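*Asks:* JSON, C-alpha atoms, file final_21.json:
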[["chain", "number", "residue", "atom", "x", "y", "z"],
["A", 1435, "MET", "CA", 0.00, 0.00, 0.00],
["A", 1436, "ARG", "CA", 1.18, 3.52, -0.80],
["A", 1437, "ILE", "CA", 0.91, 5.89, 2.17],
["A", 1438, "GLY", "CA", 0.67, 9.67, 1.90],
["A", 1439, "VAL", "CA", -0.26, 12.58, 4.15],
["A", 1440, "SER", "CA", -2.75, 15.40, 3.87],
["A", 1441, "LEU", "CA", -1.37, 18.91, 4.32],
["A", 1442, "GLN", "CA", -4.63, 20.01, 5.89],
["A", 1443, "PRO", "CA", -3.66, 22.08, 8.98],
["A", 1444, "ARG", "CA", -3.88, 25.86, 8.83],
["A", 1445, "TRP", "CA", -0.25, 26.76, 8.25],
["A", 1446, "PRO", "CA", 1.04, 30.09, 9.68],
["A", 1447, "ILE", "CA", 0.44, 32.83, 7.13],
["A", 1448, "GLU", "CA", 3.53, 34.70, 8.30],
["A", 1449, "ASP", "CA", 5.66, 31.77, 7.10],
["A", 1450, "GLY", "CA", 4.55, 30.97, 3.59],
["A", 1451, "THR", "CA", 7.22, 28.29, 3.17],
["A", 1452, "ALA", "CA", 6.19, 26.16, 6.19],
["A", 1453, "VAL", "CA", 3.88, 23.94, 4.15],
["A", 1454, "LEU", "CA", 6.59, 23.54, 1.52],
["A", 1455, "ARG", "CA", 9.07, 22.41, 4.16],
["A", 1456, "ALA", "CA", 6.52, 19.92, 5.48],
["A", 1457, "ALA", "CA", 6.02, 18.49, 2.00],
["A", 1458, "SER", "CA", 9.77, 18.22, 1.50],
["A", 1459, "HIS", "CA", 10.05, 16.46, 4.87],
["A", 1460, "ALA", "CA", 7.30, 14.03, 3.86],
["A", 1461, "GLU", "CA", 9.34, 13.17, 0.78],
["A", 1462, "GLN", "CA", 12.50, 12.65, 2.85],
["A", 1463, "LEU", "CA", 10.59, 10.32, 5.19],
["A", 1464, "GLY", "CA", 9.50, 8.16, 2.25],
["A", 1465, "PHE", "CA", 5.82, 9.01, 1.96],
["A", 1466, "ASP", "CA", 4.24, 8.39, -1.43],
["A", 1467, "HIS", "CA", 2.24, 11.59, -1.82],
["A", 1468, "VAL", "CA", 0.84, 14.72, -0.23],
["A", 1469, "ALA", "CA", -2.77, 15.80, -0.60],
["A", 1470, "VAL", "CA", -4.35, 19.26, -0.64],
["A", 1471, "GLY", "CA", -8.08, 20.01, -0.41],
["A", 1472, "ASN", "CA", -10.11, 22.62, -2.27],
["A", 1473, "ARG", "CA", -11.94, 25.49, -0.56],
["A", 1474, "LEU", "CA", -12.65, 28.98, -1.79],
["A", 1475, "LEU", "CA", -14.01, 30.47, 1.44],
["A", 1476, "ASP", "CA", -12.56, 30.36, 4.94],
["A", 1477, "SER", "CA", -13.58, 27.09, 6.59],
["A", 1478, "GLY", "CA", -12.22, 28.02, 10.01],
["A", 1479, "PHE", "CA", -10.41, 24.74, 10.64],
["A", 1480, "GLY", "CA", -7.87, 23.94, 7.97],
["A", 1481, "LEU", "CA", -5.94, 24.80, 4.86],
["A", 1482, "ASP", "CA", -8.09, 26.89, 2.52],
["A", 1483, "THR", "CA", -5.99, 27.29, -0.63],
["A", 1484, "ASP", "CA", -6.34, 26.57, -4.30],
["A", 1485, "PRO", "CA", -4.90, 23.04, -4.56],
["A", 1486, "LEU", "CA", -3.45, 23.43, -8.04],
["A", 1487, "VAL", "CA", -1.56, 26.59, -7.09],
["A", 1488, "LEU", "CA", -0.20, 25.13, -3.85],
["A", 1489, "LEU", "CA", 0.73, 21.81, -5.42],
["A", 1490, "SER", "CA", 2.60, 23.66, -8.16],
["A", 1491, "ALA", "CA", 4.78, 25.25, -5.47],
["A", 1492, "ILE", "CA", 5.23, 21.85, -3.81],
["A", 1493, "ALA", "CA", 6.25, 20.37, -7.16],
["A", 1494, "GLY", "CA", 9.14, 22.82, -7.24],
["A", 1495, "ALA", "CA", 10.17, 21.96, -3.67],
["A", 1496, "THR", "CA", 10.19, 18.17, -4.19],
["A", 1497, "LYS", "CA", 11.44, 15.63, -6.72],
["A", 1498, "ARG", "CA", 9.65, 12.33, -6.16],
["A", 1499, "LEU", "CA", 6.51, 13.01, -4.12],
["A", 1500, "ARG", "CA", 3.19, 12.53, -5.91],
["A", 1501, "LEU", "CA", 0.74, 15.43, -5.76],
["A", 1502, "LEU", "CA", -2.95, 14.73, -5.06],
["A", 1503, "THR", "CA", -5.91, 17.09, -5.07],
["A", 1504, "SER", "CA", -8.12, 15.70, -2.33],
["A", 1505, "VAL", "CA", -10.45, 16.68, -3.70],
["A", 1506, "LEU", "CA", -10.75, 19.41, -6.29],
["A", 1507, "VAL", "CA", -14.35, 20.59, -6.78],
["A", 1508, "ALA", "CA", -14.70, 20.20, -10.53],
["A", 1509, "PRO", "CA", -17.79, 22.44, -10.99],
["A", 1510, "PHE", "CA", -15.86, 25.46, -9.68],
["A", 1511, "TYR", "CA", -13.54, 25.40, -12.72],
["A", 1512, "PRO", "CA", -14.59, 25.81, -16.36],
["A", 1513, "ALA", "CA", -13.63, 22.64, -18.22],
["A", 1514, "LEU", "CA", -10.97, 24.28, -20.37],
["A", 1515, "VAL", "CA", -9.37, 25.99, -17.35],
["A", 1516, "LEU", "CA", -9.41, 22.75, -15.37],
["A", 1517, "ALA", "CA", -7.87, 20.77, -18.23],
["A", 1518, "ASN", "CA", -5.14, 23.33, -18.87],
["A", 1519, "GLN", "CA", -4.23, 23.84, -15.19],
["A", 1520, "ALA", "CA", -4.08, 20.11, -14.51],
["A", 1521, "ALA", "CA", -2.00, 19.51, -17.64],
["A", 1522, "THR", "CA", 0.35, 22.34, -16.62],
["A", 1523, "LEU", "CA", 0.88, 20.83, -13.17],
["A", 1524, "ASP", "CA", 1.39, 17.41, -14.75],
["A", 1525, "VAL", "CA", 4.15, 18.89, -16.91],
["A", 1526, "VAL", "CA", 5.96, 20.99, -14.28],
["A", 1527, "SER", "CA", 5.87, 18.13, -11.76],
["A", 1528, "GLY", "CA", 7.29, 15.61, -14.20],
["A", 1529, "GLY", "CA", 4.10, 13.56, -14.31],
["A", 1530, "ARG", "CA", 3.56, 13.36, -10.54],
["A", 1531, "MET", "CA", 0.05, 14.79, -10.40],
["A", 1532, "ILE", "CA", -3.12, 12.89, -9.44],
["A", 1533, "LEU", "CA", -6.37, 14.77, -10.01],
["A", 1534, "GLY", "CA", -8.76, 13.79, -7.25],
["A", 1535, "VAL", "CA", -12.14, 15.37, -7.97],
["A", 1536, "GLY", "CA", -15.57, 15.64, -6.42],
["A", 1537, "THR", "CA", -18.83, 17.47, -6.93],
["A", 1538, "GLY", "CA", -18.53, 19.70, -3.83],
["A", 1539, "TRP", "CA", -21.17, 20.52, -1.24],
["A", 1540, "ASN", "CA", -20.83, 24.06, 0.17],
["A", 1541, "PRO", "CA", -23.83, 26.14, -1.05],
["A", 1542, "TYR", "CA", -22.11, 29.42, -0.15],
["A", 1543, "GLU", "CA", -19.15, 28.65, -2.40],
["A", 1544, "PHE", "CA", -21.39, 27.62, -5.28],
["A", 1545, "GLU", "CA", -23.37, 30.83, -4.91],
["A", 1546, "ALA", "CA", -20.15, 32.87, -4.79],
["A", 1547, "VAL", "CA", -18.84, 31.41, -8.07],
["A", 1548, "GLY", "CA", -22.24, 31.66, -9.78],
["A", 1549, "VAL", "CA", -22.71, 27.92, -10.28],
["A", 1550, "PRO", "CA", -26.09, 26.42, -9.28],
["A", 1551, "SER", "CA", -25.38, 23.68, -6.76],
["A", 1552, "ARG", "CA", -28.13, 21.54, -8.28],
["A", 1553, "GLU", "CA", -25.97, 21.29, -11.43],
["A", 1554, "ARG", "CA", -22.82, 20.14, -9.66],
["A", 1555, "GLY", "CA", -23.06, 16.49, -10.71],
["A", 1556, "ALA", "CA", -23.85, 17.25, -14.34],
["A", 1557, "ARG", "CA", -21.11, 19.87, -14.50],
["A", 1558, "THR", "CA", -18.57, 17.47, -13.00],
["A", 1559, "ASP", "CA", -19.38, 14.86, -15.66],
["A", 1560, "ASP", "CA", -19.23, 17.47, -18.41],
["A", 1561, "HIS", "CA", -15.92, 18.93, -17.25],
["A", 1562, "LEU", "CA", -14.24, 15.54, -16.86],
["A", 1563, "ALA", "CA", -15.36, 14.39, -20.30],
["A", 1564, "ALA", "CA", -14.20, 17.64, -21.89],
["A", 1565, "ALA", "CA", -10.84, 17.50, -20.08],
["A", 1566, "ARG", "CA", -10.27, 13.95, -21.25],
["A", 1567, "ALA", "CA", -11.02, 14.98, -24.82],
["A", 1568, "LEU", "CA", -8.54, 17.86, -24.56],
["A", 1569, "TRP", "CA", -5.86, 15.61, -23.05],
["A", 1570, "THR", "CA", -6.18, 12.88, -25.66],
["A", 1571, "SER", "CA", -6.90, 14.70, -28.94],
["A", 1572, "ARG", "CA", -5.23, 17.63, -30.72],
["A", 1573, "PRO", "CA", -7.44, 19.15, -31.97],
["A", 1574, "ALA", "CA", -10.38, 18.13, -29.78],
["A", 1575, "ASP", "CA", -14.10, 18.33, -30.48],
["A", 1576, "TYR", "CA", -16.59, 18.03, -27.64],
["A", 1577, "ASP", "CA", -20.26, 18.85, -27.20],
["A", 1578, "GLY", "CA", -21.69, 18.67, -23.71],
["A", 1579, "PRO", "CA", -24.39, 20.42, -21.72],
["A", 1580, "PHE", "CA", -21.96, 23.09, -20.46],
["A", 1581, "THR", "CA", -18.87, 22.86, -22.68],
["A", 1582, "HIS", "CA", -18.53, 23.09, -26.46],
["A", 1583, "LEU", "CA", -15.18, 22.66, -28.22],
["A", 1584, "ARG", "CA", -14.33, 22.82, -31.92],
["A", 1585, "ASP", "CA", -10.81, 22.14, -33.18],
["A", 1586, "ALA", "CA", -9.50, 23.00, -29.71],
["A", 1587, "ARG", "CA", -5.82, 22.58, -28.99],
["A", 1588, "LEU", "CA", -5.03, 22.66, -25.30],
["A", 1589, "GLY", "CA", -2.39, 25.26, -24.51],
["A", 1590, "VAL", "CA", -0.23, 22.76, -22.61],
["A", 1591, "PRO", "CA", -0.51, 19.05, -23.51],
["A", 1592, "PRO", "CA", -0.10, 16.83, -20.43],
["A", 1593, "LEU", "CA", 3.12, 14.93, -19.94],
["A", 1594, "THR", "CA", 1.24, 11.80, -18.86],
["A", 1595, "PRO", "CA", -0.34, 10.11, -21.91],
["A", 1596, "GLY", "CA", -4.08, 10.66, -21.74],
["A", 1597, "GLY", "CA", -3.68, 13.17, -18.92],
["A", 1598, "PRO", "CA", -3.03, 12.80, -15.19],
["A", 1599, "PRO", "CA", -4.82, 9.98, -13.34],
["A", 1600, "VAL", "CA", -8.31, 11.03, -12.24],
["A", 1601, "TRP", "CA", -9.67, 9.71, -8.95],
["A", 1602, "ILE", "CA", -13.37, 10.27, -8.30],
["A", 1603, "GLY", "CA", -14.47, 11.02, -4.75],
["A", 1604, "GLY", "CA", -17.73, 9.91, -3.17],
["A", 1605, "SER", "CA", -19.62, 6.75, -2.31],
["A", 1606, "SER", "CA", -23.04, 7.45, -3.81],
["A", 1607, "GLU", "CA", -24.18, 5.42, -6.81],
["A", 1608, "ALA", "CA", -23.71, 8.50, -9.00],
["A", 1609, "ALA", "CA", -20.12, 8.86, -7.78],
["A", 1610, "LEU", "CA", -19.34, 5.21, -8.44],
["A", 1611, "ARG", "CA", -20.83, 5.41, -11.94],
["A", 1612, "ARG", "CA", -18.74, 8.54, -12.49],
["A", 1613, "ALA", "CA", -15.60, 6.69, -11.42],
["A", 1614, "LEU", "CA", -16.31, 3.87, -13.85],
["A", 1615, "ARG", "CA", -17.06, 6.23, -16.71],
["A", 1616, "TYR", "CA", -14.48, 8.99, -16.25],
["A", 1617, "GLY", "CA", -12.00, 7.87, -13.62],
["A", 1618, "ASP", "CA", -8.81, 5.93, -13.18],
["A", 1619, "GLY", "CA", -9.57, 5.43, -9.52],
["A", 1620, "TRP", "CA", -12.08, 5.84, -6.70],
["A", 1621, "TYR", "CA", -11.31, 7.99, -3.65],
["A", 1622, "GLY", "CA", -13.07, 7.46, -0.35],
["A", 1623, "SER", "CA", -13.04, 9.11, 3.06],
["A", 1624, "GLY", "CA", -12.70, 7.48, 6.45],
["A", 1625, "VAL", "CA", -13.44, 3.95, 5.24],
["A", 1626, "ASP", "CA", -12.71, 0.66, 6.97],
["A", 1627, "ALA", "CA", -12.10, -2.73, 5.37],
["A", 1628, "ALA", "CA", -15.82, -3.56, 5.23],
["A", 1629, "ASP", "CA", -16.51, -0.27, 3.42],
["A", 1630, "VAL", "CA", -13.80, -1.03, 0.84],
["A", 1631, "LEU", "CA", -15.23, -4.47, 0.20],
["A", 1632, "ASP", "CA", -18.69, -2.95, -0.20],
["A", 1633, "VAL", "CA", -17.43, -0.37, -2.70],
["A", 1634, "ARG", "CA", -15.67, -3.10, -4.68],
["A", 1635, "ARG", "CA", -18.89, -5.12, -4.78],
["A", 1636, "ARG", "CA", -20.95, -2.12, -5.89],
["A", 1637, "LEU", "CA", -18.43, -1.19, -8.57],
["A", 1638, "HIS", "CA", -18.59, -4.73, -9.94],
["A", 1639, "ASP", "CA", -22.40, -4.60, -9.92],
["A", 1640, "LEU", "CA", -22.41, -1.29, -11.82],
["A", 1641, "ALA", "CA", -19.62, -2.12, -14.27],
["A", 1642, "ALA", "CA", -20.27, -3.51, -17.74],
["A", 1643, "THR", "CA", -17.50, -6.08, -17.24],
["A", 1644, "PRO", "CA", -15.44, -7.23, -14.21],
["A", 1645, "ALA", "CA", -12.31, -5.80, -15.85],
["A", 1646, "GLU", "CA", -13.87, -2.33, -15.94],
["A", 1647, "ALA", "CA", -14.15, -2.33, -12.14],
["A", 1648, "GLU", "CA", -10.81, -4.02, -11.47],
["A", 1649, "ARG", "CA", -8.87, -1.41, -13.44],
["A", 1650, "LEU", "CA", -9.73, 1.30, -10.90],
["A", 1651, "THR", "CA", -7.25, 2.26, -8.20],
["A", 1652, "LEU", "CA", -8.97, 2.19, -4.82],
["A", 1653, "ALA", "CA", -7.74, 4.97, -2.52],
["A", 1654, "SER", "CA", -9.05, 6.73, 0.56],
["A", 1655, "ALA", "CA", -8.28, 9.23, 3.26],
["A", 1656, "ALA", "CA", -7.95, 7.89, 6.81],
["A", 1657, "PHE", "CA", -8.11, 10.01, 9.96],
["A", 1658, "LEU", "CA", -5.31, 9.58, 12.48],
["A", 1659, "THR", "CA", -4.33, 11.38, 15.68],
["A", 1660, "PRO", "CA", -1.01, 9.77, 16.72],
["A", 1661, "PRO", "CA", -0.47, 9.09, 20.44],
["A", 1662, "GLY", "CA", 1.01, 12.03, 22.28],
["A", 1663, "PHE", "CA", -0.57, 14.63, 19.98],
["A", 1664, "ALA", "CA", -3.71, 16.68, 20.57],
["A", 1665, "ALA", "CA", -6.22, 17.08, 17.76],
["A", 1666, "VAL", "CA", -7.26, 20.64, 16.97],
["A", 1667, "ALA", "CA", -9.97, 19.74, 14.45],
["A", 1668, "GLN", "CA", -12.71, 17.13, 14.52],
["A", 1669, "ALA", "CA", -11.90, 14.36, 12.05],
["A", 1670, "PRO", "CA", -14.96, 13.70, 9.86],
["A", 1671, "GLY", "CA", -14.69, 9.90, 10.02],
["A", 1672, "ARG", "CA", -13.75, 6.97, 12.24],
["A", 1673, "PRO", "CA", -10.19, 7.16, 13.62],
["A", 1674, "LEU", "CA", -7.59, 4.87, 12.11],
["A", 1675, "GLY", "CA", -6.30, 2.43, 14.72],
["A", 1676, "GLY", "CA", -9.16, 3.01, 17.15],
["A", 1677, "ALA", "CA", -9.94, 5.68, 19.70],
["A", 1678, "SER", "CA", -6.50, 5.28, 21.35],
["A", 1679, "PRO", "CA", -4.26, 4.36, 18.43],
["A", 1680, "THR", "CA", -0.86, 2.74, 18.75],
["A", 1681, "ALA", "CA", 1.66, 1.94, 16.06],
["A", 1682, "ALA", "CA", 0.47, -1.67, 16.13],
["A", 1683, "THR", "CA", -3.25, -0.86, 15.81],
["A", 1684, "VAL", "CA", -2.65, 1.68, 13.03],
["A", 1685, "ALA", "CA", -0.50, -0.78, 11.09],
["A", 1686, "ASP", "CA", -3.10, -3.50, 11.61],
["A", 1687, "ALA", "CA", -5.87, -1.22, 10.30],
["A", 1688, "LEU", "CA", -3.79, -0.36, 7.24],
["A", 1689, "GLU", "CA", -3.06, -4.05, 6.61],
["A", 1690, "LYS", "CA", -6.77, -4.84, 6.72],
["A", 1691, "LEU", "CA", -7.53, -2.01, 4.29],
["A", 1692, "GLY", "CA", -4.90, -3.39, 1.94],
["A", 1693, "GLU", "CA", -6.29, -6.91, 2.18],
["A", 1694, "ALA", "CA", -9.74, -5.51, 1.30],
["A", 1695, "GLY", "CA", -8.34, -3.93, -1.88],
["A", 1696, "LEU", "CA", -7.26, -0.41, -0.93],
["A", 1697, "SER", "CA", -3.95, 0.37, -2.61],
["A", 1698, "VAL", "CA", -3.41, 4.03, -1.59],
["A", 1699, "CYS", "CA", -4.13, 5.65, 1.77],
["A", 1700, "THR", "CA", -3.84, 9.34, 2.66],
["A", 1701, "LEU", "CA", -3.39, 10.00, 6.37],
["A", 1702, "TRP", "CA", -5.38, 13.05, 7.46],
["A", 1703, "LEU", "CA", -3.80, 14.40, 10.66],
["A", 1704, "PRO", "CA", -6.11, 16.90, 12.41],
["A", 1705, "LEU", "CA", -3.20, 18.49, 14.29],
["A", 1706, "ALA", "CA", -1.69, 21.90, 14.82],
["A", 1707, "ALA", "CA", 0.71, 22.78, 12.02],
["A", 1708, "GLU", "CA", 3.69, 22.76, 14.38],
["A", 1709, "ASP", "CA", 3.00, 19.11, 15.23],
["A", 1710, "MET", "CA", 2.72, 17.84, 11.67],
["A", 1711, "GLU", "CA", 6.36, 17.04, 10.99],
["A", 1712, "LYS", "CA", 6.85, 15.20, 14.31],
["A", 1713, "ALA", "CA", 3.67, 13.23, 13.67],
["A", 1714, "MET", "CA", 4.93, 12.28, 10.21],
["A", 1715, "GLU", "CA", 8.20, 11.16, 11.77],
["A", 1716, "TRP", "CA", 6.28, 8.90, 14.20],
["A", 1717, "ILE", "CA", 4.35, 7.33, 11.35],
["A", 1718, "ALA", "CA", 7.50, 6.81, 9.27],
["A", 1719, "SER", "CA", 9.54, 5.31, 12.13],
["A", 1720, "GLU", "CA", 6.89, 3.38, 14.07],
["A", 1721, "VAL", "CA", 4.04, 2.47, 11.68],
["A", 1722, "LEU", "CA", 5.46, 2.04, 8.17],
["A", 1723, "PRO", "CA", 8.13, -0.52, 9.18],
["A", 1724, "ARG", "CA", 5.34, -2.76, 10.50],
["A", 1725, "LEU", "CA", 3.64, -2.97, 7.12],
["A", 1726, "ALA", "CA", 4.35, -5.96, 4.91]]
Show me this structure written as structure tokens.
*Replies:*
Amino acid sequence: MRIGVSLQPRWPIEDGTAVLRAASHAEQLGFDHVAVGNRLLDSGFGLDTDPLVLLSAIAGATKRLRLLTSVLVAPFYPALVLANQAATLDVVSGGRMILGVGTGWNPYEFEAVGVPSRERGARTDDHLAAARALWTSRPADYDGPFTHLRDARLGVPPLTPGGPPVWIGGSSEAALRRALRYGDGWYGSGVDAADVLDVRRRLHDLAATPAEAERLTLASAAFLTPPGFAAVAQAPGRPLGGASPTAATVADALEKLGEAGLSVCTLWLPLAAEDMEKAMEWIASEVLPRLA
């Protein structure tokens, strides 16, 4: 299993390089990826940046680390803008980008960007289909409910053939159908082994063929407060390793997720920014060596 960390804490604004140092430290410790969420308005509890902008800076501060949007709200971005920004990050990172996307939920943000929230699913499908057309064809033609392209040549072709991997967030039937139709992977939140097995079953039920479901990468965020650290934000899912986690219980939970079919796990640490690097060190020294 590939293990990454979310850069979710609210980093000190007076030190704009703190989050870059944390990402560099995650790379040095051997983590697979870092993840950045997508908010436009102040949430009051975490990092509220544009993920593509921040991950571009992280790309310049690292060499190996994969870069995950977890998740980018696709309806906020016009399809052409989304396709070009993602392709740009794919190029400048040397093909390290993973585009995790979702439909979003915050009605205030949808109102602020002038996008009806009732259209968020349809717009997500439209934007992903248009982006794929732009990444795979030069020129590209596409006709959708919100995007129309004729002989369009994307300003920056992606480095990764066919564009960066797209992971679709959500566990609704619509999200799973979206993953099968437009995605290279499925991205969950706070799942346990039983949840992963259930998602695999549902994907197989919805897929036209077993191979269509099996091709998807199964990834998820997991919420972890390491022992000795105080959480400053409420994790939105069950804690990894139990209410009082130890290195052994966290490793055991990760092993069970892997046995169920999860191949990538992002550790969401609801800690103060100043605790992040020490927490990553604990995971790297105490948890990761226990994994097969």
*Asks:* Could you tell me which of A:Ala1706, A:Glu1720, A:His1638, A:Asp1686 comes closest to Pro1446 of chain A if we count all atoms listed in the file?
*Replies:*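 Selected residue with least distance to Pro1446 of chain A: A:Ala1706.
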*Asks:* For Tyr1542 of chain A, which of A:Ser1678, A:Gln1462, A:Ser1477, A:Thr1496 is the closest residue, counting only C-alpha atoms?
*Replies:* A:Ser1477
*Asks:* Would you list the residues near (-13.1, 17.5, -5.6), meaning any protein, DNA or RNA residue with an atom at most 7 Å from that point in file coordinates, counting only C-alpha atoms, as a list of chain:residue names?
*Replies:*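 Residues found, by chain and rising number: A:Asn1472, A:Ser1504, A:Val1505, A:Leu1506, A:Val1507, A:Ala1508, A:Gly1534, A:Val1535, A:Gly1536, A:Thr1537, A:Gly1538, A:Gly1603.
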*Asks:* Residues of the last selection are to be written out with C-alpha atoms, as a PDB file, in the coordinates of the input.
*Replies:*
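Saved the output as part29.pdb:
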ATOM      1  CA  ASN A1472     -10.110  22.620  -2.270  1.00  0.00           C
ATOM      2  CA  SER A1504      -8.120  15.700  -2.330  1.00  0.00           C
ATOM      3  CA  VAL A1505     -10.450  16.680  -3.700  1.00  0.00           C
ATOM      4  CA  LEU A1506     -10.750  19.410  -6.290  1.00  0.00           C
ATOM      5  CA  VAL A1507     -14.350  20.590  -6.780  1.00  0.00           C
ATOM      6  CA  ALA A1508     -14.700  20.200 -10.530  1.00  0.00           C
ATOM      7  CA  GLY A1534      -8.760  13.790  -7.250  1.00  0.00           C
ATOM      8  CA  VAL A1535     -12.140  15.370  -7.970  1.00  0.00           C
ATOM      9  CA  GLY A1536     -15.570  15.640  -6.420  1.00  0.00           C
ATOM     10  CA  THR A1537     -18.830  17.470  -6.930  1.00  0.00           C
ATOM     11  CA  GLY A1538     -18.530  19.700  -3.830  1.00  0.00           C
ATOM     12  CA  GLY A1603     -14.470  11.020  -4.750  1.00  0.00           C
TER      13      GLY A1603
END
*Asks:* Taking only C-alpha atoms into account, name the residue in A:Ala1687, A:Tyr1616, A:Pro1573, A:Pro1591 that is nearest to Thr1558 of chain A.
*Replies:*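 For Thr1558 of chain A, the nearest of the candidates is A:Tyr1616.
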*Asks:* I'd like the contact shell of Ser1605 of chain A - 9 Å cut-off, only C-alpha atoms, skipping same-chain residues fewer than 6 positions apart - returned as JSON, numbers by chain.
*Replies:* {"A": [1620, 1621, 1622, 1623, 1633]}
*Asks:* Which of these, A:Lys1690, A:Arg1584, A:His1459, A:Arg1572, has the shortest distance to Gly1596 of chain A once you count all atoms listed in the file?
*Replies:*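 Among the listed residues, the smallest separation from Gly1596 of chain A belongs to A:Arg1572.
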*Asks:* Counting only C-alpha atoms, select every polymer residue within 9 Å of (-19.1, 19.0, -15.6) as defined in the file's coordinates, and provide the selection as a compact mmCIF listing (two decimals) with C-alpha atoms, keeping the file's coordinate frame.
*Replies:*
# COMPACT_ATOMS: atom_id res chain seq x y z
CA ALA A 1508 -14.70 20.20 -10.53
CA PRO A 1509 -17.79 22.44 -10.99
CA TYR A 1511 -13.54 25.40 -12.72
CA PRO A 1512 -14.59 25.81 -16.36
CA ALA A 1513 -13.63 22.64 -18.22
CA THR A 1537 -18.83 17.47 -6.93
CA GLU A 1553 -25.97 21.29 -11.43
CA ARG A 1554 -22.82 20.14 -9.66
CA GLY A 1555 -23.06 16.49 -10.71
CA ALA A 1556 -23.85 17.25 -14.34
CA ARG A 1557 -21.11 19.87 -14.50
CA THR A 1558 -18.57 17.47 -13.00
CA ASP A 1559 -19.38 14.86 -15.66
CA ASP A 1560 -19.23 17.47 -18.41
CA HIS A 1561 -15.92 18.93 -17.25
CA LEU A 1562 -14.24 15.54 -16.86
CA ALA A 1563 -15.36 14.39 -20.30
CA ALA A 1564 -14.20 17.64 -21.89
CA GLY A 1578 -21.69 18.67 -23.71
CA PRO A 1579 -24.39 20.42 -21.72
CA PHE A 1580 -21.96 23.09 -20.46
CA THR A 1581 -18.87 22.86 -22.68
*Asks:* By how many Å are atom CA of Asp1575 of chain A and atom CA of Pro1595 of chain A apart?
*Replies:* 18.2 Å
*Asks:* What does the distance from atom CA of Val1453 of chain A to atom CA of Gly1471 of chain A come to in Å, to one decimal?
*Replies:*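 Rounded to one decimal, the two atoms are 13.4 Å apart.
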*Asks:* Using all atoms listed in the file, can you tell me which of A:Ser1527, A:Arg1634, A:Phe1544, A:Val1487 comes closest to Leu1593 of chain A?
*Replies:* A:Ser1527
*Asks:* Taking all atoms listed in the file into account, name the residue in A:Ala1456, A:Ile1447, A:Val1590, A:Ala1565 that is nearest to Glu1715 of chain A.
*Replies:*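 Nearest candidate to Glu1715 of chain A out of A:Ala1456, A:Ile1447, A:Val1590, A:Ala1565: A:Ala1456.
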*Asks:* As a VMD selection string, please: the residues near Pro1679 of chain A (cut-off 9 Å, all atoms listed in the file, same-chain neighbours under 4 positions excluded).
*Replies:* chain A and resid 1658 to 1661 1673 to 1675 1683 to 1684
